[in-house]
Amino acid sequence: MRALSGYFLAGALASLALPPIGFVPALFFLAWPAYHLASAPNQRAALFIGTAMGLGWFVASTHWTAHSLLVGDAKYWYLLPVAAIGVPAILTCFWSVAGALAWQVARTRQGRLLWLLAALSLAEFGRGFIATGFPWNAPGYAFSVSLASLQSASWFGLYGLNLFALGMALAPAFWKLDNRNLAIIAVIAPLMLTGAGLYRLASANDAASGNNVARGNNAAKTIRMVQPNIAQKDKWDRAQRADNLAGLVSLSIGEKPVPQLVIWPETAFTGFLDTNAGLLRETALAATPFDGHLITGILRVAGKNRLHNSAILIDGSGDVQAIYDKHHLVPFGEFAPFRDWLPFVDVIAGPVDFSPGGAHQLFDIPGYGLVQMSICYESIFPGAVIIGDTRPDMIINITNDGWFGRTLGPWQHLAQAQMRAVEEGMAMVRVANTGISAMFGPYGHMLGEIKHGERGAIDVAVPPPIAPPLFVPFRHVLFLLTLSICAILAWRLDVKATLRQ
């Protein structure tokens, strides 16, 4: 039990490599449990080690998800331990299976360690898809520590970076098992990728990197990002709705001239599109005193009582020009799997499930081009933030991280949006209720920011997209090829080590 506690602590300390802390050497803490997993006497022991290591990683980095139970009147505070441990425990299952599989497939300690690298990388890939996916705080986000290392996402995407980050993490274990060549390669590979990233940044033109924004160019594509900073407990209070909307309008028109596109966050208009058309039109006209457009989050009901979390585009006449319904819903947040079998699920997910969006089209905004909308955590899925084959001119993500207070969550969510901008090679505009609102350029440069917990609005010029990076046409192919090479090396290493015995 003492050893398992140590493996748990090692996993927890290793997560310090993730944003917002970004202490990349902390990844080496994973080497200790990985070494003992490779040396485990049986598969059961390997399973326990992988579980303890993974639970430490996920408890330390995703415990903040329980904070939503403390928002408002906090009457469900007694479920806090369930939420704080339950989500990490589910995510840990992927690492548990990877540890047990690596031990079972290989016959030698070196082979098991290399298979563990492949199995964990595959498990992280699966975590992005299985049960609708939740690829939050994957090891590859350690590459967010600098713009140079972040450029690697333009080639390999997050899942490929997971493999490189985990390889670096296991380097001391390879060294301990007398495979110094693999240890050196595992450390040098991320450094080489960072060097290539430096070259990529040096080759970036001013328009795409955002340098022109600082000089005030590209004014025709300037947008206003509005962050009202309304506490979650006050947001849906009907007695405060008029004041909240007035505050949004004031921020939208407070500084002149007003850009041709104003963006409000997720469910900024606290009402239903279907039953508040008059109030919505009145509010939109006040917020857009020009021949421009407003994007706001709103709820709506369509068809046979299908509830949608939506974003709408409103023109200067107050008319709704386009609607985007969120496609990727949050399990136990916007819908409840197994609702009929879980008696407490209404407490967590509410009594009514949202419905995913159906047909989709890009917002076509005069002067700005085609816009891919996304809502909340849709920005965390590599290769899936753009729906369809048409390449847009920018990505706009509206979100509400007010549920999570000043925990690690809002900063982690911000870093994930930044990586999506690099993967897709285009601007990512992120507008949040309580923060952090920011715009990232195609190379990941932060071009404007409203800090967490601040109320305000900023105008930022949108840089044009760059030529599609390698990740765009190939998506996860390069990762899968690299994973295949890793698996082949693991097999050959295991065979050679077996023959020498």
# chains A, B, ... in the order shown; residues from 1 in each chain; ligands from 1
call {"tool": "residues_around", "arguments": {"residues": "Glu454 (chain A)", "least_positions_apart": "2", "cutoff": "8 Å", "atoms": "only C-alpha atoms", "output": "list of chain:residue names"}}
result
A:Gln227, A:Pro228, A:Asn229, A:Thr434, A:Gly435, A:Ile450, A:Lys451, A:His452, A:Gly456
call {"tool": "write_last_selection", "arguments": {"atoms": "C-alpha atoms", "output": "PDB file, in the first residue's frame"}}
result
ATOM      1  CA  GLN A 227     -16.534  39.525 -21.014  1.00  0.00           C
ATOM      2  CA  PRO A 228     -19.350  40.480 -18.594  1.00  0.00           C
ATOM      3  CA  ASN A 229     -17.933  38.564 -15.582  1.00  0.00           C
ATOM      4  CA  THR A 434     -15.884  35.146 -16.349  1.00  0.00           C
ATOM      5  CA  GLY A 435     -12.667  34.585 -18.265  1.00  0.00           C
ATOM      6  CA  ILE A 450      -9.244  39.779 -20.739  1.00  0.00           C
ATOM      7  CA  LYS A 451      -7.974  38.153 -17.580  1.00  0.00           C
ATOM      8  CA  HIS A 452      -9.946  35.839 -15.363  1.00  0.00           C
ATOM      9  CA  GLY A 456     -14.446  44.404 -19.872  1.00  0.00           C
TER      10      GLY A 456
END
call {"tool": "residues_around", "arguments": {"residues": "Ser144 (chain A)", "least_positions_apart": "4", "cutoff": "10 Å", "atoms": "only C-alpha atoms", "output": "PyMOL selection string"}}
result
chain A and resi 17-20+22+24+140+148-153+415-416+418-419+444
call {"tool": "closest_atom_pairs", "arguments": {"of": "region 245-276 of chain A", "to": "region 369-379 of chain A", "cutoff": "10 Å", "atoms": "only C-alpha atoms", "output": "tab-separated table"}}
result
residue	atom	partner	partner_atom	distance
A:Pro265	CA	A:Ile375	CA	9.0
A:Glu266	CA	A:Ile375	CA	6.8
A:Thr267	CA	A:Ile375	CA	9.8
call {"tool": "closest_residue", "arguments": {"among": "A:Ala231, A:Val422, A:Ala118, A:Ala427", "to": "Leu158 (chain A)", "atoms": "only C-alpha atoms"}}
result
A:Val422
call {"tool": "atom_distance", "arguments": {"atom1": "CA of Thr482 (chain A)", "atom2": "CA of Gly197 (chain A)"}}
result
18.7 Å
call {"tool": "closest_residue", "arguments": {"among": "A:Arg391, A:Val431, A:His327, A:Glu423", "to": "Val262 (chain A)", "atoms": "only C-alpha atoms"}}
result
A:Val431
call {"tool": "select_by_dssp", "arguments": {"residues": "region 17-262 of chain A", "states": "alpha helix (DSSP H)", "output": "MDAnalysis selection string"}}
result
chainID A and resid 31:38 43:62 80:105 109:127 147:150 153:169 171:176 180:203 206:209 211:214 232:235 241:253
call {"tool": "write_last_selection", "arguments": {"atoms": "C-alpha atoms", "output": "short mmCIF file (atom, residue, chain, number, x, y, z; two decimals), in the first residue's frame"}}
result
data_model
loop_
_atom_site.label_atom_id
_atom_site.label_comp_id
_atom_site.auth_asym_id
_atom_site.auth_seq_id
_atom_site.Cartn_x
_atom_site.Cartn_y
_atom_site.Cartn_z
CA ALA A 31 9.66 7.15 -14.75
CA TRP A 32 9.63 5.66 -11.24
CA PRO A 33 6.21 3.93 -11.39
CA ALA A 34 6.86 3.02 -15.03
CA TYR A 35 10.12 1.27 -14.08
CA HIS A 36 8.37 -0.72 -11.35
CA LEU A 37 5.50 -1.56 -13.69
CA ALA A 38 7.96 -3.00 -16.19
CA GLN A 43 -0.05 -8.56 -14.52
CA ARG A 44 -2.15 -7.82 -11.43
CA ALA A 45 0.70 -5.85 -9.89
CA ALA A 46 1.23 -3.97 -13.17
CA LEU A 47 -2.47 -3.11 -13.24
CA PHE A 48 -2.31 -1.65 -9.73
CA ILE A 49 0.80 0.39 -10.51
CA GLY A 50 -0.73 1.82 -13.69
CA THR A 51 -3.91 2.63 -11.79
CA ALA A 52 -2.11 4.41 -8.94
CA MET A 53 0.05 6.39 -11.38
CA GLY A 54 -2.93 7.42 -13.51
CA LEU A 55 -5.15 8.26 -10.55
CA GLY A 56 -2.48 10.59 -9.19
CA TRP A 57 -2.18 12.31 -12.59
CA PHE A 58 -5.92 12.85 -13.02
CA VAL A 59 -6.85 13.66 -9.42
CA ALA A 60 -4.18 16.36 -9.31
CA SER A 61 -5.08 17.85 -12.69
CA THR A 62 -8.89 17.45 -12.95
CA LEU A 80 -18.10 16.80 -3.71
CA PRO A 81 -15.92 13.71 -2.99
CA VAL A 82 -17.81 11.72 -5.62
CA ALA A 83 -17.19 14.38 -8.27
CA ALA A 84 -13.58 15.03 -7.24
CA ILE A 85 -12.66 11.33 -7.38
CA GLY A 86 -15.25 9.97 -9.79
CA VAL A 87 -14.12 11.79 -12.96
CA PRO A 88 -10.40 11.06 -12.37
CA ALA A 89 -11.24 7.41 -11.59
CA ILE A 90 -13.03 7.01 -14.93
CA LEU A 91 -10.13 8.60 -16.82
CA THR A 92 -7.66 6.42 -14.91
CA CYS A 93 -9.21 3.30 -16.42
CA PHE A 94 -7.40 4.09 -19.68
CA TRP A 95 -4.01 4.08 -17.94
CA SER A 96 -4.90 0.95 -15.96
CA VAL A 97 -5.64 -1.00 -19.13
CA ALA A 98 -2.47 0.35 -20.78
CA GLY A 99 -0.31 -0.83 -17.88
CA ALA A 100 -1.83 -4.29 -17.78
CA LEU A 101 -1.62 -4.64 -21.58
CA ALA A 102 2.04 -3.59 -21.73
CA TRP A 103 2.98 -6.16 -19.09
CA GLN A 104 1.04 -8.92 -20.82
CA VAL A 105 2.35 -8.32 -24.35
CA ARG A 109 11.45 -5.29 -18.77
CA GLN A 110 12.78 -3.18 -21.64
CA GLY A 111 10.07 -4.48 -23.94
CA ARG A 112 7.39 -3.80 -21.36
CA LEU A 113 8.58 -0.24 -20.90
CA LEU A 114 8.48 0.51 -24.61
CA TRP A 115 5.13 -1.22 -24.93
CA LEU A 116 3.93 0.93 -22.01
CA LEU A 117 4.86 4.03 -24.01
CA ALA A 118 2.86 2.75 -26.99
CA ALA A 119 -0.07 1.58 -24.86
CA LEU A 120 -0.36 4.85 -22.92
CA SER A 121 -0.22 6.84 -26.17
CA LEU A 122 -2.96 4.66 -27.64
CA ALA A 123 -4.99 4.97 -24.44
CA GLU A 124 -4.77 8.77 -24.62
CA PHE A 125 -5.94 8.59 -28.23
CA GLY A 126 -8.87 6.43 -27.18
CA ARG A 127 -9.70 8.84 -24.38
CA LEU A 147 5.49 28.93 -28.48
CA ALA A 148 8.48 27.13 -29.99
CA SER A 149 7.58 23.70 -28.59
CA LEU A 150 3.88 24.34 -29.28
CA ALA A 153 1.16 20.52 -32.81
CA SER A 154 1.02 21.82 -36.39
CA TRP A 155 2.58 18.52 -37.53
CA PHE A 156 1.58 15.84 -35.04
CA GLY A 157 -1.44 17.26 -33.21
CA LEU A 158 -2.07 16.62 -29.53
CA TYR A 159 -2.10 12.84 -29.78
CA GLY A 160 1.30 12.77 -31.44
CA LEU A 161 2.68 15.11 -28.79
CA ASN A 162 1.38 12.71 -26.13
CA LEU A 163 3.77 10.08 -27.46
CA PHE A 164 6.76 12.42 -27.41
CA ALA A 165 5.93 13.76 -23.94
CA LEU A 166 5.48 10.28 -22.50
CA GLY A 167 8.68 9.11 -24.19
CA MET A 168 10.56 11.91 -22.49
CA ALA A 169 8.89 11.04 -19.18
CA ALA A 171 13.65 8.29 -20.39
CA PRO A 172 15.12 7.79 -16.86
CA ALA A 173 13.48 4.37 -16.71
CA PHE A 174 15.06 3.37 -20.03
CA TRP A 175 18.41 4.57 -18.69
CA LYS A 176 17.90 2.53 -15.51
CA ARG A 180 20.70 4.44 -22.95
CA ASN A 181 20.15 4.88 -26.67
CA LEU A 182 16.38 4.97 -26.24
CA ALA A 183 16.74 7.24 -23.21
CA ILE A 184 18.79 9.74 -25.18
CA ILE A 185 16.46 9.61 -28.20
CA ALA A 186 13.42 10.12 -25.93
CA VAL A 187 14.93 13.33 -24.52
CA ILE A 188 16.42 14.66 -27.76
CA ALA A 189 13.24 14.22 -29.85
CA PRO A 190 11.22 16.94 -28.02
CA LEU A 191 14.26 19.23 -28.12
CA MET A 192 14.56 18.75 -31.88
CA LEU A 193 10.85 19.47 -32.30
CA THR A 194 11.31 22.66 -30.29
CA GLY A 195 14.21 23.68 -32.52
CA ALA A 196 12.05 23.09 -35.59
CA GLY A 197 9.37 25.20 -33.90
CA LEU A 198 11.82 28.07 -33.46
CA TYR A 199 12.58 27.93 -37.18
CA ARG A 200 8.85 27.89 -37.99
CA LEU A 201 8.25 30.97 -35.85
CA ALA A 202 11.18 32.78 -37.44
CA SER A 203 9.70 32.08 -40.87
CA ASP A 206 3.95 39.56 -39.77
CA ALA A 207 0.28 39.23 -40.73
CA ALA A 208 -0.06 35.65 -39.54
CA SER A 209 2.05 36.05 -36.39
CA ASN A 211 2.79 41.67 -35.44
CA ASN A 212 0.61 43.73 -37.75
CA VAL A 213 -2.13 43.75 -35.12
CA ALA A 214 0.13 45.60 -32.73
CA GLN A 232 -22.95 31.89 -12.16
CA LYS A 233 -25.33 32.24 -9.21
CA ASP A 234 -26.51 35.60 -10.62
CA LYS A 235 -26.59 34.73 -14.29
CA ARG A 241 -31.55 39.76 -16.12
CA ALA A 242 -32.31 43.35 -17.17
CA ASP A 243 -29.20 44.66 -15.41
CA ASN A 244 -27.06 41.86 -16.83
CA LEU A 245 -28.22 42.57 -20.39
CA ALA A 246 -27.73 46.30 -19.87
CA GLY A 247 -24.18 45.59 -18.76
CA LEU A 248 -23.51 43.55 -21.89
CA VAL A 249 -24.87 46.35 -24.07
CA SER A 250 -22.78 48.94 -22.23
CA LEU A 251 -19.60 46.95 -22.76
CA SER A 252 -20.47 46.43 -26.43
CA ILE A 253 -20.84 50.13 -27.26
#
